[in-house]
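Colleague: Just one file: work_2.pdb, with PDB, C-alpha atoms.
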```
ATOM      1  CA  MET J   1     -19.998 -23.197 -14.204  1.00  0.00           C
ATOM      2  CA  TYR J   2     -22.614 -22.511 -11.515  1.00  0.00           C
ATOM      3  CA  TYR J   3     -20.168 -20.673  -9.241  1.00  0.00           C
ATOM      4  CA  LEU J   4     -18.661 -18.848 -12.224  1.00  0.00           C
ATOM      5  CA  HIS J   5     -22.120 -17.600 -13.118  1.00  0.00           C
ATOM      6  CA  ILE J   6     -22.752 -16.454  -9.533  1.00  0.00           C
ATOM      7  CA  HIS J   7     -19.455 -14.595  -9.346  1.00  0.00           C
ATOM      8  CA  LEU J   8     -19.841 -12.877 -12.724  1.00  0.00           C
ATOM      9  CA  SER J   9     -23.375 -11.749 -11.932  1.00  0.00           C
ATOM     10  CA  ASN J  10     -22.167 -10.388  -8.613  1.00  0.00           C
ATOM     11  CA  VAL J  11     -19.357  -8.441 -10.283  1.00  0.00           C
ATOM     12  CA  ILE J  12     -21.844  -6.832 -12.678  1.00  0.00           C
ATOM     13  CA  TYR J  13     -24.186  -6.051  -9.779  1.00  0.00           C
ATOM     14  CA  PHE J  14     -21.476  -4.334  -7.717  1.00  0.00           C
ATOM     15  CA  ILE J  15     -20.218  -2.322 -10.692  1.00  0.00           C
ATOM     16  CA  ASN J  16     -23.749  -1.042 -11.208  1.00  0.00           C
ATOM     17  CA  ARG J  17     -23.996  -0.187  -7.512  1.00  0.00           C
ATOM     18  CA  LEU J  18     -20.766   1.808  -7.706  1.00  0.00           C
ATOM     19  CA  LEU J  19     -21.931   3.655 -10.798  1.00  0.00           C
ATOM     20  CA  ALA J  20     -25.140   4.548  -8.950  1.00  0.00           C
ATOM     21  CA  ILE J  21     -23.192   6.561  -6.338  1.00  0.00           C
ATOM     22  CA  PRO J  22     -23.480  10.234  -7.343  1.00  0.00           C
ATOM     23  CA  GLU J  23     -20.295  11.868  -8.562  1.00  0.00           C
ATOM     24  CA  SER J  24     -20.705  14.551  -5.891  1.00  0.00           C
ATOM     25  CA  LEU J  25     -20.371  11.871  -3.229  1.00  0.00           C
ATOM     26  CA  SER J  26     -17.185  10.540  -4.778  1.00  0.00           C
ATOM     27  CA  TYR J  27     -15.538  13.940  -4.466  1.00  0.00           C
ATOM     28  CA  PRO J  28     -17.186  15.470  -1.364  1.00  0.00           C
ATOM     29  CA  ALA J  29     -17.164  19.231  -1.102  1.00  0.00           C
ATOM     30  CA  ASP J  30     -18.209  19.350   2.546  1.00  0.00           C
ATOM     31  CA  LYS J  31     -18.361  17.143   5.633  1.00  0.00           C
ATOM     32  CA  THR J  32     -21.997  16.144   5.161  1.00  0.00           C
ATOM     33  CA  MET J  33     -21.397  14.893   1.631  1.00  0.00           C
ATOM     34  CA  GLY J  34     -18.224  13.226   2.854  1.00  0.00           C
ATOM     35  CA  ARG J  35     -20.153  11.292   5.501  1.00  0.00           C
ATOM     36  CA  LYS J  36     -22.672  10.146   2.897  1.00  0.00           C
ATOM     37  CA  ALA J  37     -19.878   9.027   0.568  1.00  0.00           C
ATOM     38  CA  CYS J  38     -18.178   7.079   3.359  1.00  0.00           C
ATOM     39  CA  SER J  39     -21.492   5.530   4.362  1.00  0.00           C
ATOM     40  CA  SER J  40     -22.285   4.415   0.794  1.00  0.00           C
ATOM     41  CA  LEU J  41     -18.822   2.985   0.177  1.00  0.00           C
ATOM     42  CA  CYS J  42     -18.692   1.359   3.613  1.00  0.00           C
ATOM     43  CA  GLY J  43     -21.971  -0.449   2.970  1.00  0.00           C
ATOM     44  CA  LEU J  44     -20.809  -1.573  -0.458  1.00  0.00           C
ATOM     45  CA  TYR J  45     -17.521  -2.806   1.019  1.00  0.00           C
ATOM     46  CA  LYS J  46     -19.436  -4.882   3.592  1.00  0.00           C
ATOM     47  CA  GLU J  47     -21.533  -6.322   0.785  1.00  0.00           C
ATOM     48  CA  LEU J  48     -18.436  -7.291  -1.190  1.00  0.00           C
ATOM     49  CA  LEU J  49     -16.990  -9.052   1.851  1.00  0.00           C
ATOM     50  CA  LEU J  50     -20.242 -10.909   2.514  1.00  0.00           C
ATOM     51  CA  ASN J  51     -20.706 -12.000  -1.060  1.00  0.00           C
ATOM     52  CA  THR J  52     -18.567 -15.128  -0.746  1.00  0.00           C
ATOM     53  CA  HIS J  53     -19.194 -17.990   1.659  1.00  0.00           C
ATOM     54  CA  THR J  54     -19.778 -15.781   4.698  1.00  0.00           C
ATOM     55  CA  LEU J  55     -22.806 -16.590   6.836  1.00  0.00           C
ATOM     56  CA  CYS J  56     -25.659 -14.166   6.260  1.00  0.00           C
ATOM     57  CA  LEU J  57     -26.127 -11.433   8.875  1.00  0.00           C
ATOM     58  CA  CYS J  58     -29.831 -12.271   9.232  1.00  0.00           C
ATOM     59  CA  GLY J  59     -28.989 -15.277  11.413  1.00  0.00           C
ATOM     60  CA  SER J  60     -30.387 -17.951   9.120  1.00  0.00           C
ATOM     61  CA  GLY J  61     -27.173 -19.968   9.263  1.00  0.00           C
ATOM     62  CA  ILE J  62     -26.967 -19.909   5.440  1.00  0.00           C
ATOM     63  CA  ASP J  63     -24.284 -18.284   3.272  1.00  0.00           C
ATOM     64  CA  TYR J  64     -25.145 -14.715   2.274  1.00  0.00           C
ATOM     65  CA  GLN J  65     -24.979 -15.523  -1.455  1.00  0.00           C
ATOM     66  CA  HIS J  66     -27.618 -18.228  -0.963  1.00  0.00           C
ATOM     67  CA  CYS J  67     -29.730 -16.288   1.549  1.00  0.00           C
ATOM     68  CA  CYS J  68     -30.327 -12.514   1.412  1.00  0.00           C
ATOM     69  CA  GLY J  69     -27.822 -11.891  -1.378  1.00  0.00           C
ATOM     70  CA  PRO J  70     -30.173 -12.869  -4.242  1.00  0.00           C
ATOM     71  CA  PHE J  71     -32.880 -10.601  -2.767  1.00  0.00           C
ATOM     72  CA  HIS J  72     -30.497  -7.652  -2.609  1.00  0.00           C
ATOM     73  CA  SER J  73     -29.286  -8.185  -6.170  1.00  0.00           C
ATOM     74  CA  GLY J  74     -32.829  -8.571  -7.528  1.00  0.00           C
ATOM     75  CA  GLU J  75     -32.361 -12.162  -8.662  1.00  0.00           C
ATOM     76  CA  LYS J  76     -35.144 -13.349  -6.350  1.00  0.00           C
ATOM     77  CA  MET J  77     -37.947 -11.910  -4.217  1.00  0.00           C
ATOM     78  CA  PRO J  78     -38.701 -12.955  -0.616  1.00  0.00           C
ATOM     79  CA  ALA J  79     -41.556 -15.448  -0.563  1.00  0.00           C
ATOM     80  CA  THR J  80     -42.638 -14.684   3.014  1.00  0.00           C
ATOM     81  CA  ALA J  81     -42.861 -11.684   5.328  1.00  0.00           C
ATOM     82  CA  GLU J  82     -40.166 -13.187   7.556  1.00  0.00           C
ATOM     83  CA  ALA J  83     -37.808 -13.604   4.608  1.00  0.00           C
ATOM     84  CA  LEU J  84     -38.320  -9.934   3.721  1.00  0.00           C
ATOM     85  CA  MET J  85     -37.758  -8.962   7.362  1.00  0.00           C
ATOM     86  CA  ARG J  86     -34.464 -10.852   7.421  1.00  0.00           C
ATOM     87  CA  SER J  87     -33.328  -9.353   4.116  1.00  0.00           C
ATOM     88  CA  ARG J  88     -34.152  -5.840   5.326  1.00  0.00           C
ATOM     89  CA  TYR J  89     -32.227  -6.353   8.555  1.00  0.00           C
ATOM     90  CA  THR J  90     -29.212  -7.474   6.545  1.00  0.00           C
ATOM     91  CA  ALA J  91     -29.665  -4.434   4.308  1.00  0.00           C
ATOM     92  CA  TYR J  92     -29.666  -2.172   7.377  1.00  0.00           C
ATOM     93  CA  ALA J  93     -26.469  -3.792   8.626  1.00  0.00           C
ATOM     94  CA  MET J  94     -24.888  -3.270   5.204  1.00  0.00           C
ATOM     95  CA  ARG J  95     -26.356   0.238   4.812  1.00  0.00           C
ATOM     96  CA  ASN J  96     -28.082  -0.724   1.602  1.00  0.00           C
ATOM     97  CA  GLY J  97     -30.614   2.104   1.501  1.00  0.00           C
ATOM     98  CA  ALA J  98     -31.682   1.369  -2.064  1.00  0.00           C
ATOM     99  CA  TYR J  99     -33.019  -2.072  -1.123  1.00  0.00           C
ATOM    100  CA  LEU J 100     -34.760  -0.719   1.975  1.00  0.00           C
ATOM    101  CA  GLN J 101     -36.650   1.867  -0.055  1.00  0.00           C
ATOM    102  CA  GLU J 102     -37.418  -0.598  -2.822  1.00  0.00           C
ATOM    103  CA  THR J 103     -39.071  -2.987  -0.325  1.00  0.00           C
ATOM    104  CA  TRP J 104     -40.926  -0.254   1.611  1.00  0.00           C
ATOM    105  CA  ASP J 105     -44.623   0.263   0.901  1.00  0.00           C
ATOM    106  CA  ALA J 106     -44.941   3.328  -1.327  1.00  0.00           C
ATOM    107  CA  THR J 107     -47.520   4.937   0.976  1.00  0.00           C
ATOM    108  CA  ARG J 108     -45.113   4.899   3.950  1.00  0.00           C
ATOM    109  CA  ARG J 109     -41.708   5.074   2.270  1.00  0.00           C
ATOM    110  CA  PRO J 110     -39.391   7.928   3.399  1.00  0.00           C
ATOM    111  CA  GLU J 111     -37.887  10.135   0.710  1.00  0.00           C
ATOM    112  CA  THR J 112     -34.328   9.288   1.728  1.00  0.00           C
ATOM    113  CA  ILE J 113     -32.464   7.041   4.140  1.00  0.00           C
ATOM    114  CA  ASP J 114     -29.320   8.674   5.468  1.00  0.00           C
ATOM    115  CA  PHE J 115     -26.844   6.424   7.285  1.00  0.00           C
ATOM    116  CA  SER J 116     -24.124   9.076   7.472  1.00  0.00           C
ATOM    117  CA  ARG J 117     -24.846   9.928  11.116  1.00  0.00           C
ATOM    118  CA  GLU J 118     -25.422   6.370  12.279  1.00  0.00           C
ATOM    119  CA  ASN J 119     -22.705   5.180  14.648  1.00  0.00           C
ATOM    120  CA  ILE J 120     -23.958   1.699  15.443  1.00  0.00           C
ATOM    121  CA  ASP J 121     -22.996  -1.792  14.296  1.00  0.00           C
ATOM    122  CA  TRP J 122     -25.784  -4.328  13.944  1.00  0.00           C
ATOM    123  CA  LEU J 123     -24.836  -7.617  15.631  1.00  0.00           C
ATOM    124  CA  LYS J 124     -27.624 -10.152  15.239  1.00  0.00           C
ATOM    125  CA  LEU J 125     -31.317 -10.677  14.609  1.00  0.00           C
ATOM    126  CA  GLU J 126     -33.733 -12.880  16.538  1.00  0.00           C
ATOM    127  CA  ILE J 127     -37.238 -13.517  15.177  1.00  0.00           C
ATOM    128  CA  THR J 128     -39.499 -13.935  18.207  1.00  0.00           C
ATOM    129  CA  GLU J 129     -42.911 -14.404  16.575  1.00  0.00           C
ATOM    130  CA  THR J 130     -44.642 -14.412  13.205  1.00  0.00           C
ATOM    131  CA  LYS J 131     -48.344 -14.072  12.399  1.00  0.00           C
ATOM    132  CA  LYS J 132     -49.438 -15.043   8.910  1.00  0.00           C
ATOM    133  CA  GLY J 133     -47.038 -13.671   6.297  1.00  0.00           C
ATOM    134  CA  GLY J 134     -46.850 -17.001   4.490  1.00  0.00           C
ATOM    135  CA  ILE J 135     -46.746 -17.733   0.779  1.00  0.00           C
ATOM    136  CA  LYS J 136     -50.553 -17.727   0.500  1.00  0.00           C
ATOM    137  CA  ASP J 137     -51.111 -14.717   2.791  1.00  0.00           C
ATOM    138  CA  SER J 138     -51.497 -11.056   1.849  1.00  0.00           C
ATOM    139  CA  LYS J 139     -50.594  -9.619   5.247  1.00  0.00           C
ATOM    140  CA  GLY J 140     -48.101 -10.556   7.910  1.00  0.00           C
ATOM    141  CA  VAL J 141     -46.631  -9.468  11.238  1.00  0.00           C
ATOM    142  CA  VAL J 142     -43.094 -10.222  12.403  1.00  0.00           C
ATOM    143  CA  SER J 143     -41.823  -9.570  15.928  1.00  0.00           C
ATOM    144  CA  PHE J 144     -38.079  -9.490  16.414  1.00  0.00           C
ATOM    145  CA  LYS J 145     -35.126  -8.433  18.520  1.00  0.00           C
ATOM    146  CA  ALA J 146     -32.285  -6.586  16.814  1.00  0.00           C
ATOM    147  CA  PHE J 147     -29.007  -6.418  18.708  1.00  0.00           C
ATOM    148  CA  TYR J 148     -26.461  -3.700  18.018  1.00  0.00           C
ATOM    149  CA  SER J 149     -23.325  -2.159  19.446  1.00  0.00           C
ATOM    150  CA  GLN J 150     -23.025   1.559  20.192  1.00  0.00           C
ATOM    151  CA  ASP J 151     -20.145   3.283  21.982  1.00  0.00           C
ATOM    152  CA  GLY J 152     -18.773  -0.089  23.038  1.00  0.00           C
ATOM    153  CA  GLU J 153     -22.027  -1.256  24.653  1.00  0.00           C
ATOM    154  CA  GLU J 154     -24.535  -3.811  23.407  1.00  0.00           C
ATOM    155  CA  HIS J 155     -28.159  -2.778  22.989  1.00  0.00           C
ATOM    156  CA  VAL J 156     -31.321  -4.568  21.901  1.00  0.00           C
ATOM    157  CA  MET J 157     -34.397  -3.220  20.148  1.00  0.00           C
ATOM    158  CA  ASN J 158     -37.749  -5.001  20.246  1.00  0.00           C
ATOM    159  CA  GLU J 159     -40.002  -4.226  17.324  1.00  0.00           C
ATOM    160  CA  ILE J 160     -43.229  -5.457  15.763  1.00  0.00           C
ATOM    161  CA  SER J 161     -43.314  -4.934  11.997  1.00  0.00           C
ATOM    162  CA  ARG J 162     -46.227  -5.205   9.584  1.00  0.00           C
ATOM    163  CA  PHE J 163     -45.925  -6.387   5.998  1.00  0.00           C
ATOM    164  CA  THR J 164     -48.264  -6.384   3.030  1.00  0.00           C
ATOM    165  CA  LYS J 165     -48.226  -8.235  -0.275  1.00  0.00           C
ATOM    166  CA  ILE J 166     -48.974  -6.258  -3.422  1.00  0.00           C
ATOM    167  CA  ASN J 167     -49.149  -7.949  -6.829  1.00  0.00           C
ATOM    168  CA  GLY J 168     -47.436 -11.021  -5.428  1.00  0.00           C
ATOM    169  CA  ARG J 169     -44.576  -9.129  -3.778  1.00  0.00           C
ATOM    170  CA  TRP J 170     -44.017  -8.469  -0.065  1.00  0.00           C
ATOM    171  CA  PHE J 171     -43.401  -4.931   1.225  1.00  0.00           C
ATOM    172  CA  TYR J 172     -42.611  -3.515   4.650  1.00  0.00           C
ATOM    173  CA  LEU J 173     -45.556  -1.398   5.806  1.00  0.00           C
ATOM    174  CA  ASP J 174     -44.653  -0.026   9.221  1.00  0.00           C
ATOM    175  CA  GLY J 175     -43.436  -0.999  12.654  1.00  0.00           C
ATOM    176  CA  VAL J 176     -43.732  -0.191  16.343  1.00  0.00           C
ATOM    177  CA  ILE J 177     -40.685  -0.192  18.584  1.00  0.00           C
ATOM    178  CA  LYS J 178     -41.840  -1.763  21.840  1.00  0.00           C
ATOM    179  CA  SER J 179     -38.628  -1.198  23.778  1.00  0.00           C
ATOM    180  CA  ILE J 180     -34.975  -0.368  23.351  1.00  0.00           C
ATOM    181  CA  GLY J 181     -32.053  -0.307  25.747  1.00  0.00           C
ATOM    182  CA  LYS J 182     -28.835  -1.882  26.933  1.00  0.00           C
ATOM    183  CA  VAL J 183     -28.733  -5.661  27.056  1.00  0.00           C
ATOM    184  CA  GLY J 184     -29.626  -6.712  30.589  1.00  0.00           C
ATOM    185  CA  LEU J 185     -30.985  -3.244  31.388  1.00  0.00           C
ATOM    186  CA  GLN J 186     -33.771  -2.752  28.901  1.00  0.00           C
ATOM    187  CA  THR J 187     -35.737   0.486  28.837  1.00  0.00           C
ATOM    188  CA  ASN J 188     -39.266   0.836  27.503  1.00  0.00           C
ATOM    189  CA  GLN J 189     -39.070   3.900  25.281  1.00  0.00           C
ATOM    190  CA  GLY J 190     -41.704   2.944  22.743  1.00  0.00           C
ATOM    191  CA  LYS J 191     -42.285   5.735  20.231  1.00  0.00           C
ATOM    192  CA  ASN J 192     -39.616   7.885  21.916  1.00  0.00           C
ATOM    193  CA  ALA J 193     -36.937   5.499  20.682  1.00  0.00           C
ATOM    194  CA  LEU J 194     -34.869   6.396  17.631  1.00  0.00           C
ATOM    195  CA  CYS J 195     -36.490   5.291  14.392  1.00  0.00           C
ATOM    196  CA  SER J 196     -34.943   2.188  12.860  1.00  0.00           C
ATOM    197  CA  CYS J 197     -34.994   3.733   9.354  1.00  0.00           C
ATOM    198  CA  GLY J 198     -31.726   5.536  10.093  1.00  0.00           C
ATOM    199  CA  SER J 199     -33.119   9.084   9.942  1.00  0.00           C
ATOM    200  CA  GLY J 200     -31.800   9.975  13.401  1.00  0.00           C
ATOM    201  CA  LYS J 201     -35.310  11.128  14.447  1.00  0.00           C
ATOM    202  CA  LYS J 202     -37.521   9.635  17.135  1.00  0.00           C
ATOM    203  CA  PHE J 203     -39.893   6.959  15.859  1.00  0.00           C
ATOM    204  CA  LYS J 204     -42.980   9.050  16.744  1.00  0.00           C
ATOM    205  CA  ARG J 205     -41.713  11.932  14.592  1.00  0.00           C
ATOM    206  CA  CYS J 206     -40.582   9.732  11.706  1.00  0.00           C
ATOM    207  CA  CYS J 207     -42.107   6.479  10.442  1.00  0.00           C
ATOM    208  CA  GLY J 208     -44.496   6.351  13.431  1.00  0.00           C
ATOM    209  CA  ALA J 209     -46.042   9.743  12.724  1.00  0.00           C
ATOM    210  CA  GLY J 210     -49.777   9.576  12.223  1.00  0.00           C
TER     211      GLY J 210
END
```
I need this file expressed as structure tokens, please.
Modeller:
Amino acid sequence: MYYLHIHLSNVIYFINRLLAIPESLSYPADKTMGRKACSSLCGLYKELLLNTHTLCLCGSGIDYQHCCGPFHSGEKMPATAEALMRSRYTAYAMRNGAYLQETWDATRRPETIDFSRENIDWLKLEITETKKGGIKDSKGVVSFKAFYSQDGEEHVMNEISRFTKINGRWFYLDGVIKSIGKVGLQTNQGKNALCSCGSGKKFKRCCGAG
């Protein structure tokens, strides 16, 4: 009965996600809308594939449905800053913009997250350091390496992200990209690197502005 409950709740969740896709994206009138439709459906398809006994993309070694899945569906909330960081990375990999905005601090949240022009595949996440961010904390910092593939080459991005807890819930506040480049040939681009929010803009002109 437990697994039946999990599967039925997931079916309802995915139906609601599909219904949330605007009708204009289902029948694109131009290339831009077509890219957005493909991006939304591609992310949902990845989520459907993961929602079985597939290991979670965050690198925890746990099945997605017992790891980041309940956070994405709203059944649970991350208890620590690191847990939120992992769930947001998985959301990026699955192009789940709704979850990313929902878990972004309202004072820093972008109006939209557009994955239609993103041509990278996220490969793995490595948490390198955490400061505070525990169950009893109100602030936390998580340092990590995010590996991705672009044009057939593997890259790695080093970032330090800040998190804040508001009314008992963790939110992503902001982050600083320390370096980004090809694996084995890393380049320190700092704020000149592309922003990790998927806007296609440089970090200094996007989430790092001000």
Colleague: Skip range 153-162 of chain J itself and residues of its chain fewer than 6 positions away, then list as a compact mmCIF listing (two decimals) with C-alpha atoms, in the frame of the given file all residues within 6 Å of it, counting all atoms listed in the file.
Modeller:
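And here's result36.txt as it stands now:
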```txt
# COMPACT_ATOMS: atom_id res chain seq x y z
CA GLY J 140 -48.10 -10.56 7.91
CA VAL J 141 -46.63 -9.47 11.24
CA VAL J 142 -43.09 -10.22 12.40
CA SER J 143 -41.82 -9.57 15.93
CA PHE J 144 -38.08 -9.49 16.41
CA LYS J 145 -35.13 -8.43 18.52
CA ALA J 146 -32.28 -6.59 16.81
CA PHE J 147 -29.01 -6.42 18.71
CA LEU J 173 -45.56 -1.40 5.81
CA ASP J 174 -44.65 -0.03 9.22
CA GLY J 175 -43.44 -1.00 12.65
CA VAL J 176 -43.73 -0.19 16.34
CA ILE J 177 -40.68 -0.19 18.58
CA LYS J 178 -41.84 -1.76 21.84
CA SER J 179 -38.63 -1.20 23.78
CA ILE J 180 -34.98 -0.37 23.35
CA GLY J 181 -32.05 -0.31 25.75
CA LYS J 182 -28.84 -1.88 26.93
CA VAL J 183 -28.73 -5.66 27.06
```
Colleague: Pull out every residue that the PyMOL selection byres ((chain J and resi 121-137) around 8) matches in the shown coordinates and put them as a list in words.
Modeller: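 That expression, the PyMOL selection byres ((chain J and resi 121-137) around 8), corresponds here to Leu57, Cys58, Gly59, Ala79, Thr80, Ala81, Glu82, Arg86, Tyr89, Tyr92, Ala93, Asn119, Ile120, Ser138, Lys139, Gly140, Val141, Val142, Ser143, Phe144, Lys145, Ala146, Phe147, Tyr148, Ser149, Gln150, Phe163 and Lys165 of chain J.
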Colleague: Hey, can you check how far CA of Ser60 in chain J sits from CA of Gly97 in chain J?
Modeller: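 Rounded to one decimal, the two atoms are 21.5 Å apart.
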Colleague: CA of Arg108 in chain J to CA of Arg88 in chain J: how many Å, to one decimal?
Modeller: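 Separating CA of Arg108 in chain J from CA of Arg88 in chain J is a distance of 15.4 Å.
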Colleague: What gap, in Å, lies between CA of Gly184 in chain J and CA of Thr90 in chain J?
Modeller: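 CA of Gly184 in chain J sits 24.1 Å away from CA of Thr90 in chain J.
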Colleague: Restricting the calculation to only C-alpha atoms: of J:His72, J:Leu55, J:Pro78, J:Ile166, which residue gets closest to Ala106 in chain J?
Modeller: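 Using only C-alpha atoms, Ala106 in chain J sits closest to J:Ile166.
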